[in-house]
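coords.pdb follows (PDB, C-alpha atoms):
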```pdb
ATOM      1  CA  MET A   1      14.096   4.739 -11.989
ATOM      2  CA  PRO A   2      13.167   7.968 -10.144
ATOM      3  CA  ALA A   3      14.334   8.769  -6.639
ATOM      4  CA  ASP A   4      13.028   6.318  -4.089
ATOM      5  CA  PRO A   5      10.527   7.825  -1.621
ATOM      6  CA  LEU A   6      11.516   5.144   0.906
ATOM      7  CA  ASN A   7      14.985   6.569   1.219
ATOM      8  CA  SER A   8      14.225  10.266   1.069
ATOM      9  CA  ALA A   9      16.478  12.546   3.055
ATOM     10  CA  GLU A  10      13.455  14.768   3.654
ATOM     11  CA  LYS A  11      11.603  14.335   6.916
ATOM     12  CA  PRO A  12       8.011  13.536   5.923
ATOM     13  CA  ARG A  13       5.313  14.567   8.326
ATOM     14  CA  PRO A  14       2.846  12.013   9.676
ATOM     15  CA  GLY A  15      -0.084  12.689   8.219
ATOM     16  CA  PRO A  16       0.447  -2.220 -14.090
ATOM     17  CA  ASP A  17       0.829  -5.420 -13.248
ATOM     18  CA  GLY A  18       4.271  -6.942 -13.887
ATOM     19  CA  ALA A  19       5.120 -10.611 -14.268
ATOM     20  CA  ALA A  20       6.432 -12.399 -11.202
ATOM     21  CA  ALA A  21      10.027 -13.569 -11.058
ATOM     22  CA  GLY A  22       8.881 -17.152 -11.650
ATOM     23  CA  GLY A  23       6.914 -16.110 -14.747
ATOM     24  CA  THR A  24       3.463 -16.063 -13.154
ATOM     25  CA  ALA A  25       1.408 -12.915 -12.817
ATOM     26  CA  PRO A  26       0.314 -11.831  -9.315
ATOM     27  CA  ARG A  27      -3.300 -12.595  -8.509
ATOM     28  CA  PRO A  28      -5.466  -9.482  -8.754
ATOM     29  CA  GLU A  29      -7.689  -8.602  -5.826
ATOM     30  CA  ALA A  30     -11.037 -10.407  -6.223
ATOM     31  CA  VAL A  31     -13.825  -7.851  -6.644
ATOM     32  CA  GLU A  32     -17.498  -8.553  -7.246
ATOM     33  CA  VAL A  33     -19.659  -5.648  -8.428
ATOM     34  CA  ARG A  34     -23.364  -5.930  -7.673
ATOM     35  CA  ARG A  35     -25.756  -3.564  -9.437
ATOM     36  CA  SER A  36     -29.101  -2.652  -7.883
ATOM     37  CA  THR A  37     -32.099  -0.898  -9.473
ATOM     38  CA  ARG A  38     -33.213   0.210  -5.996
ATOM     39  CA  ARG A  39     -29.890   1.921  -5.311
ATOM     40  CA  ARG A  40     -30.025   5.490  -6.670
ATOM     41  CA  ARG A  41     -26.834   7.338  -5.712
ATOM     42  CA  THR A  42     -24.973   5.561  -2.944
ATOM     43  CA  VAL A  43     -22.039   3.205  -3.362
ATOM     44  CA  SER A  44     -20.880   0.867  -0.616
ATOM     45  CA  ALA A  45     -18.403  -1.984  -0.220
ATOM     46  CA  TYR A  46     -17.519  -4.729   2.217
ATOM     47  CA  ARG A  47     -15.268  -7.772   2.513
ATOM     48  CA  GLU A  48     -16.838 -11.185   2.043
ATOM     49  CA  GLY A  49     -14.509 -14.145   2.390
ATOM     50  CA  GLY A  50     -11.563 -13.644   0.057
ATOM     51  CA  ARG A  51     -13.233 -10.981  -2.072
ATOM     52  CA  THR A  52     -14.540  -7.416  -1.942
ATOM     53  CA  VAL A  53     -18.179  -6.762  -2.828
ATOM     54  CA  VAL A  54     -18.994  -3.305  -4.242
ATOM     55  CA  LEU A  55     -22.665  -2.264  -4.425
ATOM     56  CA  ILE A  56     -23.520   0.352  -7.074
ATOM     57  CA  PRO A  57     -26.618   1.786  -8.788
ATOM     58  CA  ALA A  58     -27.701  -0.197 -11.884
ATOM     59  CA  ARG A  59     -27.620   2.913 -14.124
ATOM     60  CA  MET A  60     -23.906   3.581 -13.483
ATOM     61  CA  SER A  61     -21.654   3.459 -16.575
ATOM     62  CA  LYS A  62     -18.664   1.096 -16.829
ATOM     63  CA  GLU A  63     -16.303   4.055 -16.480
ATOM     64  CA  GLU A  64     -18.063   5.218 -13.299
ATOM     65  CA  GLU A  65     -18.013   1.635 -12.028
ATOM     66  CA  ARG A  66     -14.225   1.395 -12.491
ATOM     67  CA  ARG A  67     -13.713   4.716 -10.746
ATOM     68  CA  TRP A  68     -15.943   3.807  -7.798
ATOM     69  CA  VAL A  69     -14.400   0.360  -7.389
ATOM     70  CA  GLY A  70     -10.981   2.037  -7.013
ATOM     71  CA  ILE A  71     -12.343   4.576  -4.544
ATOM     72  CA  MET A  72     -14.048   1.922  -2.423
ATOM     73  CA  LEU A  73     -11.003  -0.381  -2.400
ATOM     74  CA  ASP A  74      -8.880   2.509  -1.116
ATOM     75  CA  LYS A  75     -11.517   3.429   1.461
ATOM     76  CA  LEU A  76     -11.732  -0.123   2.824
ATOM     77  CA  ALA A  77      -7.941  -0.417   2.914
ATOM     78  CA  ALA A  78      -7.658   2.843   4.871
ATOM     79  CA  GLN A  79     -10.307   1.700   7.366
ATOM     80  CA  GLU A  80      -8.572  -1.628   7.875
ATOM     81  CA  SER A  81      -5.123  -0.095   8.291
ATOM     82  CA  ARG A  82      -6.309   2.132  11.145
ATOM     83  CA  ARG A  83      -6.070  -0.914  13.366
ATOM     84  CA  THR A  84      -2.350  -1.136  14.043
ATOM     85  CA  LEU A  85      -0.811  -4.536  13.464
ATOM     86  CA  ASP A  86       1.386  -5.805  16.279
ATOM     87  CA  ASP A  87       4.897  -7.040  15.479
ATOM     88  CA  GLY A  88       3.724 -10.663  15.173
ATOM     89  CA  GLU A  89       0.995  -9.723  12.675
ATOM     90  CA  LEU A  90       3.495  -7.579  10.786
ATOM     91  CA  ALA A  91       5.914 -10.541  10.534
ATOM     92  CA  ALA A  92       3.101 -12.834   9.327
ATOM     93  CA  ARG A  93       2.148 -10.247   6.707
ATOM     94  CA  ALA A  94       5.770 -10.104   5.513
ATOM     95  CA  VAL A  95       5.882 -13.900   5.130
ATOM     96  CA  ARG A  96       2.625 -13.871   3.133
ATOM     97  CA  LEU A  97       3.909 -11.087   0.858
ATOM     98  CA  SER A  98       7.200 -12.914   0.298
ATOM     99  CA  GLU A  99       5.322 -16.072  -0.702
ATOM    100  CA  GLN A 100       2.911 -14.206  -2.976
ATOM    101  CA  TYR A 101       5.351 -11.902  -4.777
ATOM    102  CA  LEU A 102       8.901 -13.165  -4.163
ATOM    103  CA  LEU A 103       8.312 -16.935  -4.377
ATOM    104  CA  GLY A 104       8.974 -17.160  -0.625
ATOM    105  CA  ARG A 105      12.696 -16.438  -1.113
ATOM    106  CA  ALA A 106      12.851 -13.492   1.325
ATOM    107  CA  ARG A 107      12.703 -14.859   4.884
ATOM    108  CA  PRO A 108      13.016 -12.196   7.560
ATOM    109  CA  ALA A 109      14.089 -13.236  11.059
ATOM    110  CA  THR A 110      12.299 -10.262  12.636
ATOM    111  CA  VAL A 111       9.858  -7.590  11.467
ATOM    112  CA  ARG A 112       8.913  -4.792  13.852
ATOM    113  CA  TRP A 113       7.694  -1.216  14.220
ATOM    114  CA  VAL A 114      10.198   1.418  15.367
ATOM    115  CA  THR A 115       9.765   5.036  16.411
ATOM    116  CA  ASN A 116      13.294   6.273  15.637
ATOM    117  CA  GLN A 117      13.047   6.348  11.805
ATOM    118  CA  ASN A 118      12.052   9.833  10.747
ATOM    119  CA  THR A 119      13.921  10.122   7.449
ATOM    120  CA  ARG A 120      12.917   6.788   5.923
ATOM    121  CA  TRP A 121       9.845   4.565   5.878
ATOM    122  CA  GLY A 122      11.656   1.302   6.450
ATOM    123  CA  SER A 123      15.062  -0.304   6.749
ATOM    124  CA  CYS A 124      16.572  -3.753   6.889
ATOM    125  CA  THR A 125      19.786  -5.469   7.903
ATOM    126  CA  PRO A 126      20.255  -8.391   5.473
ATOM    127  CA  ALA A 127      22.981 -10.048   7.566
ATOM    128  CA  GLU A 128      20.557 -10.320  10.496
ATOM    129  CA  GLY A 129      17.402 -10.742   8.430
ATOM    130  CA  SER A 130      15.768  -7.905  10.364
ATOM    131  CA  ILE A 131      13.220  -5.444   8.977
ATOM    132  CA  ARG A 132      12.130  -2.258  10.739
ATOM    133  CA  LEU A 133       9.183  -0.104   9.674
ATOM    134  CA  SER A 134       8.608   3.483  10.754
ATOM    135  CA  HIS A 135       5.606   4.009  13.028
ATOM    136  CA  ARG A 136       4.643   6.839  10.610
ATOM    137  CA  LEU A 137       3.240   4.158   8.268
ATOM    138  CA  GLN A 138       0.566   3.250  10.788
ATOM    139  CA  GLY A 139      -2.800   4.393   9.481
ATOM    140  CA  MET A 140      -1.686   4.563   5.837
ATOM    141  CA  PRO A 141      -3.538   2.416   3.249
ATOM    142  CA  GLU A 142      -2.718  -1.294   3.320
ATOM    143  CA  TYR A 143      -1.275  -1.263  -0.206
ATOM    144  CA  VAL A 144       1.298   1.331   0.946
ATOM    145  CA  LEU A 145       2.284  -0.753   3.984
ATOM    146  CA  ASP A 146       2.549  -3.839   1.758
ATOM    147  CA  TYR A 147       4.759  -1.960  -0.705
ATOM    148  CA  VAL A 148       7.151  -0.829   2.049
ATOM    149  CA  LEU A 149       7.296  -4.362   3.459
ATOM    150  CA  LEU A 150       8.007  -5.765  -0.010
ATOM    151  CA  HIS A 151      10.661  -3.111  -0.582
ATOM    152  CA  GLU A 152      12.502  -4.223   2.544
ATOM    153  CA  LEU A 153      11.928  -7.921   1.781
ATOM    154  CA  ALA A 154      13.484  -7.352  -1.659
ATOM    155  CA  HIS A 155      16.537  -5.861   0.081
ATOM    156  CA  LEU A 156      17.035  -9.185   1.860
ATOM    157  CA  LEU A 157      17.629 -10.610  -1.639
ATOM    158  CA  VAL A 158      19.258  -7.637  -3.395
ATOM    159  CA  PRO A 159      21.060  -5.011  -1.277
ATOM    160  CA  GLY A 160      21.110  -2.028  -3.682
ATOM    161  CA  HIS A 161      18.558  -0.247  -5.884
ATOM    162  CA  GLY A 162      19.736  -1.577  -9.241
ATOM    163  CA  PRO A 163      17.635  -3.053 -12.067
ATOM    164  CA  GLU A 164      17.450  -6.490 -10.410
ATOM    165  CA  PHE A 165      15.964  -4.927  -7.265
ATOM    166  CA  TRP A 166      13.297  -2.992  -9.194
ATOM    167  CA  ARG A 167      12.415  -6.107 -11.204
ATOM    168  CA  LEU A 168      11.482  -7.802  -7.927
ATOM    169  CA  LEU A 169       9.152  -4.944  -6.996
ATOM    170  CA  GLU A 170       7.466  -4.973 -10.420
ATOM    171  CA  THR A 171       5.707  -8.154  -9.292
ATOM    172  CA  TYR A 172       3.578  -6.068  -6.919
ATOM    173  CA  PRO A 173       0.748  -4.469  -8.954
ATOM    174  CA  ARG A 174       0.460  -1.357  -6.765
ATOM    175  CA  THR A 175       4.136  -0.387  -6.678
ATOM    176  CA  GLU A 176       3.750   2.855  -8.654
ATOM    177  CA  ARG A 177       0.578   3.840  -6.804
ATOM    178  CA  ALA A 178       2.226   3.284  -3.399
ATOM    179  CA  ARG A 179       5.343   5.214  -4.457
ATOM    180  CA  GLY A 180       3.098   8.069  -5.590
ATOM    181  CA  PHE A 181       1.278   8.064  -2.243
ATOM    182  CA  LEU A 182       4.555   8.244  -0.287
ATOM    183  CA  GLU A 183       5.909  10.973  -2.583
ATOM    184  CA  GLY A 184       2.694  12.921  -1.928
ATOM    185  CA  VAL A 185       3.186  12.629   1.831
ATOM    186  CA  ILE A 186       6.764  13.855   1.463
ATOM    187  CA  ALA A 187       5.677  16.757  -0.768
ATOM    188  CA  ALA A 188       2.915  17.732   1.675
ATOM    189  CA  GLY A 189       5.547  17.952   4.397
ATOM    190  CA  ARG A 190       7.359  20.623   2.387
ATOM    191  CA  LEU A 191       4.312  22.898   2.014
ATOM    192  CA  PRO A 192       4.404  26.169   3.975
ATOM    193  CA  ASN A 193       2.000  26.548   6.863
ATOM    194  CA  LEU A 194      -0.735  28.749   5.449
ATOM    195  CA  PRO A 195      -2.712  31.020   7.775
ATOM    196  CA  ARG A 196      -6.039  29.434   8.703
ATOM    197  CA  ASP A 197      -8.054  32.646   8.664
ATOM    198  CA  GLY A 198      -6.752  33.757   5.276
ATOM    199  CA  GLY A 199      -5.576  37.034   6.832
ATOM    200  CA  GLU A 200      -2.389  38.929   6.155
TER
END
```
As structure tokens - that is how I would like this structure written.
Amino acid sequence: MPADPLNSAEKPRPGPDGAAAGGTAPRPEAVEVRRSTRRRRTVSAYREGGRTVVLIPARMSKEEERRWVGIMLDKLAAQESRRTLDDGELAARAVRLSEQYLLGRARPATVRWVTNQNTRWGSCTPAEGSIRLSHRLQGMPEYVLDYVLLHELAHLLVPGHGPEFWRLLETYPRTERARGFLEGVIAAGRLPNLPRDGGE
């Protein structure tokens, strides 16, 4: 398994599907695509109950549909994550994720935001059942926040980063995508500051 972006020594700047441990696959996000002959170029999406509705032009190919569904899911997730969850909402989210992906086995005593974690995205103390997430995650897409929460929840069950730990995270269908996002944030933090005017 490659280096874990959650435990990078770098200081990042703010800025599929596996089987579940119990043998059941995680439920995919419910998406309904509605095609319209009156819609020419625009694509839009919104949440409706427990599903996401994506509106696309009728002439769009299946490949374009798949691409736009992914784009719109990310866009909605980013919009929703701009509203910062308070510690109580964060704890409730952790419980839901544990039930959905870890069979409810990880039971944190506390889950909270902290502002003193600049070299890692999250941390936990298994003996106390406490999970702390860096405030730098606020505003990132929901699937990234969920991955970091699951990462720390998995540490309540398995302390290290061995094969058993990574098997737990394989139950989350966006693990690799979230890891890639965090690695991109870390890499962007290493880029030199380029002059804005393009001058010498």
Of the candidates A:Thr175, A:Ser61, A:Gln79, A:Thr37, which shows the shortest atom-to-atom distance to Val144 of chain A, using only C-alpha atoms? A:Thr175
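Residues selected in this file by the PyMOL selection byres ((chain A and resi 130) around 12) comprise Ala91, Ala94, Ala106, Arg107, Pro108, Ala109, Thr110, Val111, Arg112, Trp113, Val114, Gly122, Ser123, Cys124, Thr125, Pro126, Ala127, Glu128, Gly129, Ile131, Arg132, Leu133, Leu149, Glu152, Leu153, His155 and Leu156 of chain A.
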Distance criterion (all atoms listed in the file): nearest to Ala178 of chain A out of A:Asp74, A:Asn116, A:Arg136, A:Arg93: A:Asp74
May I have the residues at most 12 Å from (-15.6, 2.8, -7.0) in the file's coordinates, counting all atoms listed in the file, as a CSV table (one decimal) with C-alpha atoms, in the frame of the given file?
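Writing done, so here's part-v2.csv:
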```
chain,number,residue,atom,x,y,z
A,31,VAL,CA,-13.8,-7.9,-6.6
A,32,GLU,CA,-17.5,-8.6,-7.2
A,33,VAL,CA,-19.7,-5.6,-8.4
A,34,ARG,CA,-23.4,-5.9,-7.7
A,42,THR,CA,-25.0,5.6,-2.9
A,43,VAL,CA,-22.0,3.2,-3.4
A,44,SER,CA,-20.9,0.9,-0.6
A,45,ALA,CA,-18.4,-2.0,-0.2
A,52,THR,CA,-14.5,-7.4,-1.9
A,53,VAL,CA,-18.2,-6.8,-2.8
A,54,VAL,CA,-19.0,-3.3,-4.2
A,55,LEU,CA,-22.7,-2.3,-4.4
A,56,ILE,CA,-23.5,0.4,-7.1
A,57,PRO,CA,-26.6,1.8,-8.8
A,60,MET,CA,-23.9,3.6,-13.5
A,61,SER,CA,-21.7,3.5,-16.6
A,62,LYS,CA,-18.7,1.1,-16.8
A,63,GLU,CA,-16.3,4.1,-16.5
A,64,GLU,CA,-18.1,5.2,-13.3
A,65,GLU,CA,-18.0,1.6,-12.0
A,66,ARG,CA,-14.2,1.4,-12.5
A,67,ARG,CA,-13.7,4.7,-10.7
A,68,TRP,CA,-15.9,3.8,-7.8
A,69,VAL,CA,-14.4,0.4,-7.4
A,70,GLY,CA,-11.0,2.0,-7.0
A,71,ILE,CA,-12.3,4.6,-4.5
A,72,MET,CA,-14.0,1.9,-2.4
A,73,LEU,CA,-11.0,-0.4,-2.4
A,74,ASP,CA,-8.9,2.5,-1.1
A,75,LYS,CA,-11.5,3.4,1.5
A,76,LEU,CA,-11.7,-0.1,2.8
```
Just checking: using only C-alpha atoms, which residue out of A:Gln138, A:Glu48, A:Trp121, A:Val158 ends up closest to Glu183 of chain A?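 Closest residue, counting only C-alpha atoms: A:Trp121.
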Find the axis-aligned box for segment 173-190 of chain A, covering all its listed atoms and adding 8 Å on each side, and write its centre and edge lengths in Å to one decimal as JSON.
```
{"center_x": 3.9, "center_y": 8.1, "center_z": -2.3, "size_x": 22.9, "size_y": 41.1, "size_z": 29.4}
```
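Using all atoms listed in the file, the nearest neighbour of Asn118 of chain A within the list A:Ala30, A:Ile186, A:Leu157, A:Leu85 is A:Ile186.
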One-decimal distance in Å that lies between atom CA of Leu150 of chain A and atom CA of Ser98 of chain A: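 For atom CA of Ser98 of chain A relative to atom CA of Leu150 of chain A, the distance reads 7.2 Å.
Take atom CA of Ser134 of chain A and atom CA of Arg120 of chain A: the distance between them is 7.3 Å.
Each of A:Thr115, A:Ser36, A:Gln100, A:Thr171 was compared to Ala58 of chain A using all atoms listed in the file, and A:Ser36 turns out to be the nearest.
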What is the atom CA of Glu99 of chain A-atom CA of Val185 of chain A distance in Å, reported with one decimal?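 So the two atoms, atom CA of Glu99 of chain A and atom CA of Val185 of chain A, lie 28.9 Å apart.
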